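Student: Take a look at this one; I'll ask things after.
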Amino acid sequence: MRKIFAIAIGSLSLLGYSARTGSAERALGELTLTTTSKIWVDGTSNVKAFTCTAARIEANVDARPNTNPATAVKSASLAIPVNALDCKNATMNEHMKKALKMGANPQIKWRMTSYAVEGSSVVMKGFLTIAGKE
């Protein structure tokens with residue numbers, strides 16, 4: 001198997017975060033991912049291209065309620081159990097688990113290093129750890 005990963009973290013929406021554009025007011029309650037949140041892995045093998053989706057995403061956000069949005073979030077992280085990746089093919093699922101060294105590294109992890117509020121959007125930067133490598 002050759003290089004197989006292009007991780008796409010798209011459409012991660014948080015419930016419990018309400019914001020009014022142009023206002024510094026923010027109501028932070030329990031933050032959970034919505035059902036439209038998605039993480040997937042696109043890749044190729046020596047046989048064919050594939051897409052694997054994460055059936056489960058664990059998110060942790062430490063945020064302070066009623067504070068300036070630019071400083072409200074203290075930390076954020078995501079964890080995707082490797083066992084929860086589904087490639088819609090049992091053989092590919094096993095190859096994926098082996099490639100990600102699931103026995104020693106049961107999760108794909110991401111942790112935020114910084115974020116910035118840009119209008120009504122938030123841009124987050126961080127480190128991704130996959131198969132034990134950051």
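We name chains A, B, ... following the order of the structure tokens; residues begin at 1 in each chain, and ligands are numbered from 1 as shown.
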Extract the full set of helix (DSSP H, G or I) residues from range 56-127 of chain A according to DSSP on the backbone, and format it as a PyMOL selection string.
Tutor: chain A and resi 82-84+90-99
Student: Which residues are close to Glu58 in chain A, i.e. within 8 Å by only C-alpha atoms, leaving aside same-chain residues fewer than 3 positions away? Reply as a PDB file with N, CA and C atoms, in the first residue's frame.
Tutor:
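Now in around36.pdb:
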```pdb
ATOM      1  N   LEU A  78      -9.946  16.991  19.202  1.00  0.00           N
ATOM      2  CA  LEU A  78     -10.789  15.977  18.581  1.00  0.00           C
ATOM      3  C   LEU A  78     -10.076  14.642  18.676  1.00  0.00           C
ATOM      4  N   ALA A  79     -10.849  13.585  18.790  1.00  0.00           N
ATOM      5  CA  ALA A  79     -10.304  12.233  18.734  1.00  0.00           C
ATOM      6  C   ALA A  79     -11.239  11.392  17.885  1.00  0.00           C
ATOM      7  N   ILE A  80     -10.671  10.646  16.959  1.00  0.00           N
ATOM      8  CA  ILE A  80     -11.439   9.757  16.104  1.00  0.00           C
ATOM      9  C   ILE A  80     -10.942   8.343  16.380  1.00  0.00           C
TER      10      ILE A  80
END
```
Student: Just want the 12 Å neighbourhood of Glu94 in chain A, counted on only C-alpha atoms, with same-chain residues fewer than 6 positions away dropped. Output as a PyMOL selection string.
Tutor: chain A and resi 52+82-88+100-103
Student: Which is closest to Phe50 in chain A among A:Ala70, A:Ala63, A:Ala104, A:Met96, if we use only C-alpha atoms?
Tutor: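 Ranking A:Ala70, A:Ala63, A:Ala104, A:Met96 by distance to Phe50 in chain A, first place goes to A:Met96.
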Student: Could you pull out the strand (DSSP E or B) residues of range 44-85 of chain A, going by DSSP on the backbone, and write them as a PDB file with all heavy atoms, in the first residue's frame?
Tutor:
```pdb
ATOM      1  N   THR A  44      -5.614   6.533  -1.867  1.00  0.00           N
ATOM      2  CA  THR A  44      -5.454   5.566  -2.949  1.00  0.00           C
ATOM      3  C   THR A  44      -4.566   4.439  -2.466  1.00  0.00           C
ATOM      4  O   THR A  44      -3.716   4.619  -1.601  1.00  0.00           O
ATOM      5  CB  THR A  44      -4.807   6.209  -4.197  1.00  0.00           C
ATOM      6  OG1 THR A  44      -3.531   6.728  -3.832  1.00  0.00           O
ATOM      7  CG2 THR A  44      -5.664   7.316  -4.775  1.00  0.00           C
ATOM      8  N   ALA A  49      -8.916   3.848  -5.483  1.00  0.00           N
ATOM      9  CA  ALA A  49      -9.128   4.978  -4.574  1.00  0.00           C
ATOM     10  C   ALA A  49     -10.227   4.599  -3.574  1.00  0.00           C
ATOM     11  O   ALA A  49     -11.049   3.728  -3.843  1.00  0.00           O
ATOM     12  CB  ALA A  49      -9.533   6.216  -5.364  1.00  0.00           C
ATOM     13  N   PHE A  50     -10.226   5.265  -2.428  1.00  0.00           N
ATOM     14  CA  PHE A  50     -11.226   4.945  -1.415  1.00  0.00           C
ATOM     15  C   PHE A  50     -11.518   6.169  -0.566  1.00  0.00           C
ATOM     16  O   PHE A  50     -10.751   7.126  -0.539  1.00  0.00           O
ATOM     17  CB  PHE A  50     -10.755   3.793  -0.514  1.00  0.00           C
ATOM     18  CG  PHE A  50      -9.477   4.097   0.214  1.00  0.00           C
ATOM     19  CD1 PHE A  50      -9.486   4.736   1.451  1.00  0.00           C
ATOM     20  CD2 PHE A  50      -8.252   3.772  -0.337  1.00  0.00           C
ATOM     21  CE1 PHE A  50      -8.317   5.034   2.112  1.00  0.00           C
ATOM     22  CE2 PHE A  50      -7.072   4.065   0.320  1.00  0.00           C
ATOM     23  CZ  PHE A  50      -7.104   4.698   1.549  1.00  0.00           C
ATOM     24  N   THR A  51     -12.637   6.105   0.127  1.00  0.00           N
ATOM     25  CA  THR A  51     -13.035   7.109   1.108  1.00  0.00           C
ATOM     26  C   THR A  51     -13.526   6.369   2.337  1.00  0.00           C
ATOM     27  O   THR A  51     -14.346   5.456   2.233  1.00  0.00           O
ATOM     28  CB  THR A  51     -14.161   8.019   0.569  1.00  0.00           C
ATOM     29  OG1 THR A  51     -13.665   8.731  -0.556  1.00  0.00           O
ATOM     30  CG2 THR A  51     -14.628   9.002   1.616  1.00  0.00           C
ATOM     31  N   CYS A  52     -13.005   6.757   3.491  1.00  0.00           N
ATOM     32  CA  CYS A  52     -13.437   6.180   4.760  1.00  0.00           C
ATOM     33  C   CYS A  52     -13.999   7.317   5.603  1.00  0.00           C
ATOM     34  O   CYS A  52     -13.411   8.382   5.675  1.00  0.00           O
ATOM     35  CB  CYS A  52     -12.274   5.529   5.502  1.00  0.00           C
ATOM     36  SG  CYS A  52     -11.409   4.275   4.540  1.00  0.00           S
ATOM     37  N   THR A  53     -15.135   7.089   6.214  1.00  0.00           N
ATOM     38  CA  THR A  53     -15.747   8.117   7.054  1.00  0.00           C
ATOM     39  C   THR A  53     -15.676   7.712   8.518  1.00  0.00           C
ATOM     40  O   THR A  53     -15.659   6.525   8.843  1.00  0.00           O
ATOM     41  CB  THR A  53     -17.225   8.348   6.659  1.00  0.00           C
ATOM     42  OG1 THR A  53     -17.929   7.110   6.762  1.00  0.00           O
ATOM     43  CG2 THR A  53     -17.336   8.888   5.252  1.00  0.00           C
ATOM     44  N   ALA A  54     -15.615   8.695   9.373  1.00  0.00           N
ATOM     45  CA  ALA A  54     -15.577   8.445  10.810  1.00  0.00           C
ATOM     46  C   ALA A  54     -17.006   8.333  11.322  1.00  0.00           C
ATOM     47  O   ALA A  54     -17.786   9.281  11.199  1.00  0.00           O
ATOM     48  CB  ALA A  54     -14.841   9.562  11.527  1.00  0.00           C
ATOM     49  N   GLU A  58     -15.049  12.398  18.764  1.00  0.00           N
ATOM     50  CA  GLU A  58     -15.113  12.875  20.144  1.00  0.00           C
ATOM     51  C   GLU A  58     -14.466  14.258  20.190  1.00  0.00           C
ATOM     52  O   GLU A  58     -13.326  14.419  19.791  1.00  0.00           O
ATOM     53  CB  GLU A  58     -14.379  11.915  21.066  1.00  0.00           C
ATOM     54  CG  GLU A  58     -14.978  10.513  21.048  1.00  0.00           C
ATOM     55  CD  GLU A  58     -14.063   9.449  21.604  1.00  0.00           C
ATOM     56  OE1 GLU A  58     -12.947   9.775  22.067  1.00  0.00           O
ATOM     57  OE2 GLU A  58     -14.467   8.269  21.559  1.00  0.00           O
ATOM     58  N   ALA A  59     -15.216  15.255  20.650  1.00  0.00           N
ATOM     59  CA  ALA A  59     -14.721  16.633  20.694  1.00  0.00           C
ATOM     60  C   ALA A  59     -14.720  17.142  22.124  1.00  0.00           C
ATOM     61  O   ALA A  59     -15.637  16.858  22.887  1.00  0.00           O
ATOM     62  CB  ALA A  59     -15.593  17.537  19.832  1.00  0.00           C
ATOM     63  N   ASN A  60     -13.681  17.863  22.479  1.00  0.00           N
ATOM     64  CA  ASN A  60     -13.592  18.519  23.778  1.00  0.00           C
ATOM     65  C   ASN A  60     -13.221  19.975  23.558  1.00  0.00           C
ATOM     66  O   ASN A  60     -12.243  20.260  22.878  1.00  0.00           O
ATOM     67  CB  ASN A  60     -12.528  17.858  24.657  1.00  0.00           C
ATOM     68  CG  ASN A  60     -12.932  16.479  25.081  1.00  0.00           C
ATOM     69  OD1 ASN A  60     -13.952  16.307  25.734  1.00  0.00           O
ATOM     70  ND2 ASN A  60     -12.146  15.483  24.704  1.00  0.00           N
ATOM     71  N   VAL A  61     -14.023  20.859  24.138  1.00  0.00           N
ATOM     72  CA  VAL A  61     -13.751  22.292  24.031  1.00  0.00           C
ATOM     73  C   VAL A  61     -13.865  22.893  25.419  1.00  0.00           C
ATOM     74  O   VAL A  61     -14.851  22.702  26.115  1.00  0.00           O
ATOM     75  CB  VAL A  61     -14.758  22.990  23.084  1.00  0.00           C
ATOM     76  CG1 VAL A  61     -14.512  24.487  23.033  1.00  0.00           C
ATOM     77  CG2 VAL A  61     -14.702  22.380  21.695  1.00  0.00           C
ATOM     78  N   ASP A  62     -12.823  23.600  25.835  1.00  0.00           N
ATOM     79  CA  ASP A  62     -12.841  24.334  27.097  1.00  0.00           C
ATOM     80  C   ASP A  62     -13.010  25.802  26.735  1.00  0.00           C
ATOM     81  O   ASP A  62     -12.101  26.413  26.167  1.00  0.00           O
ATOM     82  CB  ASP A  62     -11.546  24.107  27.877  1.00  0.00           C
ATOM     83  CG  ASP A  62     -11.503  24.904  29.182  1.00  0.00           C
ATOM     84  OD1 ASP A  62     -12.544  25.420  29.618  1.00  0.00           O
ATOM     85  OD2 ASP A  62     -10.404  25.023  29.755  1.00  0.00           O
ATOM     86  N   ALA A  63     -14.195  26.323  27.012  1.00  0.00           N
ATOM     87  CA  ALA A  63     -14.486  27.707  26.661  1.00  0.00           C
ATOM     88  C   ALA A  63     -15.127  28.416  27.843  1.00  0.00           C
ATOM     89  O   ALA A  63     -15.772  27.788  28.678  1.00  0.00           O
ATOM     90  CB  ALA A  63     -15.415  27.747  25.452  1.00  0.00           C
ATOM     91  N   VAL A  73     -12.135  30.590  23.922  1.00  0.00           N
ATOM     92  CA  VAL A  73     -11.736  29.184  23.869  1.00  0.00           C
ATOM     93  C   VAL A  73     -10.329  29.024  24.420  1.00  0.00           C
ATOM     94  O   VAL A  73      -9.387  29.636  23.941  1.00  0.00           O
ATOM     95  CB  VAL A  73     -11.824  28.631  22.433  1.00  0.00           C
ATOM     96  CG1 VAL A  73     -11.368  27.184  22.371  1.00  0.00           C
ATOM     97  CG2 VAL A  73     -13.245  28.761  21.903  1.00  0.00           C
ATOM     98  N   LYS A  74     -10.219  28.211  25.449  1.00  0.00           N
ATOM     99  CA  LYS A  74      -8.917  27.950  26.079  1.00  0.00           C
ATOM    100  C   LYS A  74      -8.228  26.750  25.453  1.00  0.00           C
ATOM    101  O   LYS A  74      -7.010  26.724  25.322  1.00  0.00           O
ATOM    102  CB  LYS A  74      -9.086  27.739  27.581  1.00  0.00           C
ATOM    103  CG  LYS A  74      -9.688  28.930  28.291  1.00  0.00           C
ATOM    104  CD  LYS A  74      -8.840  30.170  28.095  1.00  0.00           C
ATOM    105  CE  LYS A  74      -9.475  31.391  28.717  1.00  0.00           C
ATOM    106  NZ  LYS A  74      -8.869  32.618  28.288  1.00  0.00           N
ATOM    107  N   SER A  75      -8.997  25.714  25.093  1.00  0.00           N
ATOM    108  CA  SER A  75      -8.428  24.544  24.436  1.00  0.00           C
ATOM    109  C   SER A  75      -9.525  23.816  23.660  1.00  0.00           C
ATOM    110  O   SER A  75     -10.714  23.951  23.971  1.00  0.00           O
ATOM    111  CB  SER A  75      -7.794  23.598  25.456  1.00  0.00           C
ATOM    112  OG  SER A  75      -8.780  23.035  26.297  1.00  0.00           O
ATOM    113  N   ALA A  76      -9.104  23.080  22.656  1.00  0.00           N
ATOM    114  CA  ALA A  76     -10.031  22.268  21.863  1.00  0.00           C
ATOM    115  C   ALA A  76      -9.268  21.071  21.321  1.00  0.00           C
ATOM    116  O   ALA A  76      -8.086  21.171  20.990  1.00  0.00           O
ATOM    117  CB  ALA A  76     -10.613  23.092  20.716  1.00  0.00           C
ATOM    118  N   SER A  77      -9.946  19.941  21.263  1.00  0.00           N
ATOM    119  CA  SER A  77      -9.325  18.740  20.713  1.00  0.00           C
ATOM    120  C   SER A  77     -10.389  17.827  20.123  1.00  0.00           C
ATOM    121  O   SER A  77     -11.563  17.909  20.461  1.00  0.00           O
ATOM    122  CB  SER A  77      -8.538  17.992  21.793  1.00  0.00           C
ATOM    123  OG  SER A  77      -9.412  17.541  22.812  1.00  0.00           O
ATOM    124  N   LEU A  78      -9.946  16.991  19.202  1.00  0.00           N
ATOM    125  CA  LEU A  78     -10.789  15.977  18.581  1.00  0.00           C
ATOM    126  C   LEU A  78     -10.076  14.642  18.676  1.00  0.00           C
ATOM    127  O   LEU A  78      -8.847  14.582  18.611  1.00  0.00           O
ATOM    128  CB  LEU A  78     -11.021  16.273  17.100  1.00  0.00           C
ATOM    129  CG  LEU A  78     -11.825  17.493  16.711  1.00  0.00           C
ATOM    130  CD1 LEU A  78     -11.770  17.696  15.203  1.00  0.00           C
ATOM    131  CD2 LEU A  78     -13.261  17.333  17.152  1.00  0.00           C
ATOM    132  N   ALA A  79     -10.849  13.585  18.790  1.00  0.00           N
ATOM    133  CA  ALA A  79     -10.304  12.233  18.734  1.00  0.00           C
ATOM    134  C   ALA A  79     -11.239  11.392  17.885  1.00  0.00           C
ATOM    135  O   ALA A  79     -12.465  11.461  18.043  1.00  0.00           O
ATOM    136  CB  ALA A  79     -10.159  11.644  20.127  1.00  0.00           C
ATOM    137  N   ILE A  80     -10.671  10.646  16.959  1.00  0.00           N
ATOM    138  CA  ILE A  80     -11.439   9.757  16.104  1.00  0.00           C
ATOM    139  C   ILE A  80     -10.942   8.343  16.380  1.00  0.00           C
ATOM    140  O   ILE A  80      -9.775   8.035  16.101  1.00  0.00           O
ATOM    141  CB  ILE A  80     -11.258  10.082  14.603  1.00  0.00           C
ATOM    142  CG1 ILE A  80     -11.692  11.512  14.313  1.00  0.00           C
ATOM    143  CG2 ILE A  80     -12.042   9.104  13.744  1.00  0.00           C
ATOM    144  CD1 ILE A  80     -10.551  12.445  14.084  1.00  0.00           C
ATOM    145  N   PRO A  81     -11.777   7.487  16.943  1.00  0.00           N
ATOM    146  CA  PRO A  81     -11.346   6.106  17.152  1.00  0.00           C
ATOM    147  C   PRO A  81     -11.082   5.444  15.792  1.00  0.00           C
ATOM    148  O   PRO A  81     -11.938   5.487  14.901  1.00  0.00           O
ATOM    149  CB  PRO A  81     -12.531   5.452  17.859  1.00  0.00           C
ATOM    150  CG  PRO A  81     -13.339   6.593  18.398  1.00  0.00           C
ATOM    151  CD  PRO A  81     -13.107   7.737  17.467  1.00  0.00           C
ATOM    152  N   LEU A  85     -13.580   4.127  11.849  1.00  0.00           N
ATOM    153  CA  LEU A  85     -13.471   4.479  10.434  1.00  0.00           C
ATOM    154  C   LEU A  85     -14.123   3.382   9.600  1.00  0.00           C
ATOM    155  O   LEU A  85     -13.851   2.199   9.789  1.00  0.00           O
ATOM    156  CB  LEU A  85     -12.010   4.635  10.006  1.00  0.00           C
ATOM    157  CG  LEU A  85     -11.286   5.866  10.534  1.00  0.00           C
ATOM    158  CD1 LEU A  85      -9.811   5.809  10.152  1.00  0.00           C
ATOM    159  CD2 LEU A  85     -11.920   7.137  10.001  1.00  0.00           C
TER     160      LEU A  85
END
```
Student: Identify, on the basis of only C-alpha atoms, every residue whose closest approach to Ser114 in chain A does not exceed 7 Å; exclude the query and any residue fewer than 5 positions from it along the same chain; express the result as a ChimeraX atom specification.
Tutor: /A:124-126
Student: Hey, can you spit out that residue selection with N, CA, C and O atoms as a short mmCIF file (atom, residue, chain, number, x, y, z; two decimals), in the first residue's frame?
Tutor:
```cif
data_model
loop_
_atom_site.label_atom_id
_atom_site.label_comp_id
_atom_site.auth_asym_id
_atom_site.auth_seq_id
_atom_site.Cartn_x
_atom_site.Cartn_y
_atom_site.Cartn_z
N MET A 124 -9.16 27.75 13.07
CA MET A 124 -8.39 27.05 14.10
C MET A 124 -7.18 26.38 13.47
O MET A 124 -7.27 25.83 12.38
N LYS A 125 -6.07 26.42 14.18
CA LYS A 125 -4.86 25.72 13.76
C LYS A 125 -4.50 24.73 14.86
O LYS A 125 -4.80 24.98 16.04
N GLY A 126 -3.86 23.64 14.46
CA GLY A 126 -3.50 22.66 15.47
C GLY A 126 -2.61 21.58 14.91
O GLY A 126 -2.15 21.66 13.78
#
```
Student: My list of candidates is A:Lys98, A:Arg64, A:Arg56, A:Lys109. Which is closest to Lys38 in chain A when distances are computed with only C-alpha atoms?
Tutor: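 Among the listed residues, the smallest separation from Lys38 in chain A belongs to A:Arg56.
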Student: For a quick check of understanding, using only C-alpha atoms, which of A:Asn93, A:Asn105, A:Thr113, A:Thr67 has the smallest distance to Ile130 in chain A?
Tutor: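 Using only C-alpha atoms, Ile130 in chain A sits closest to A:Asn105.
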Student: Kindly indicate which residue among A:Lys97, A:Ala116, A:Thr91, A:Ser37 lies nearest to Asn68 in chain A, using only C-alpha atoms for the distances.
Tutor: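 Of A:Lys97, A:Ala116, A:Thr91, A:Ser37, the one nearest Asn68 in chain A, counting only C-alpha atoms, is A:Ala116.
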Student: Kindly give the distance, in Å, that separates CA of Ala131 in chain A and CA of Ala99 in chain A, rounded to a single decimal.
Tutor: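 Taking CA of Ala131 in chain A as the start and CA of Ala99 in chain A as the end point, the length is 7.5 Å.
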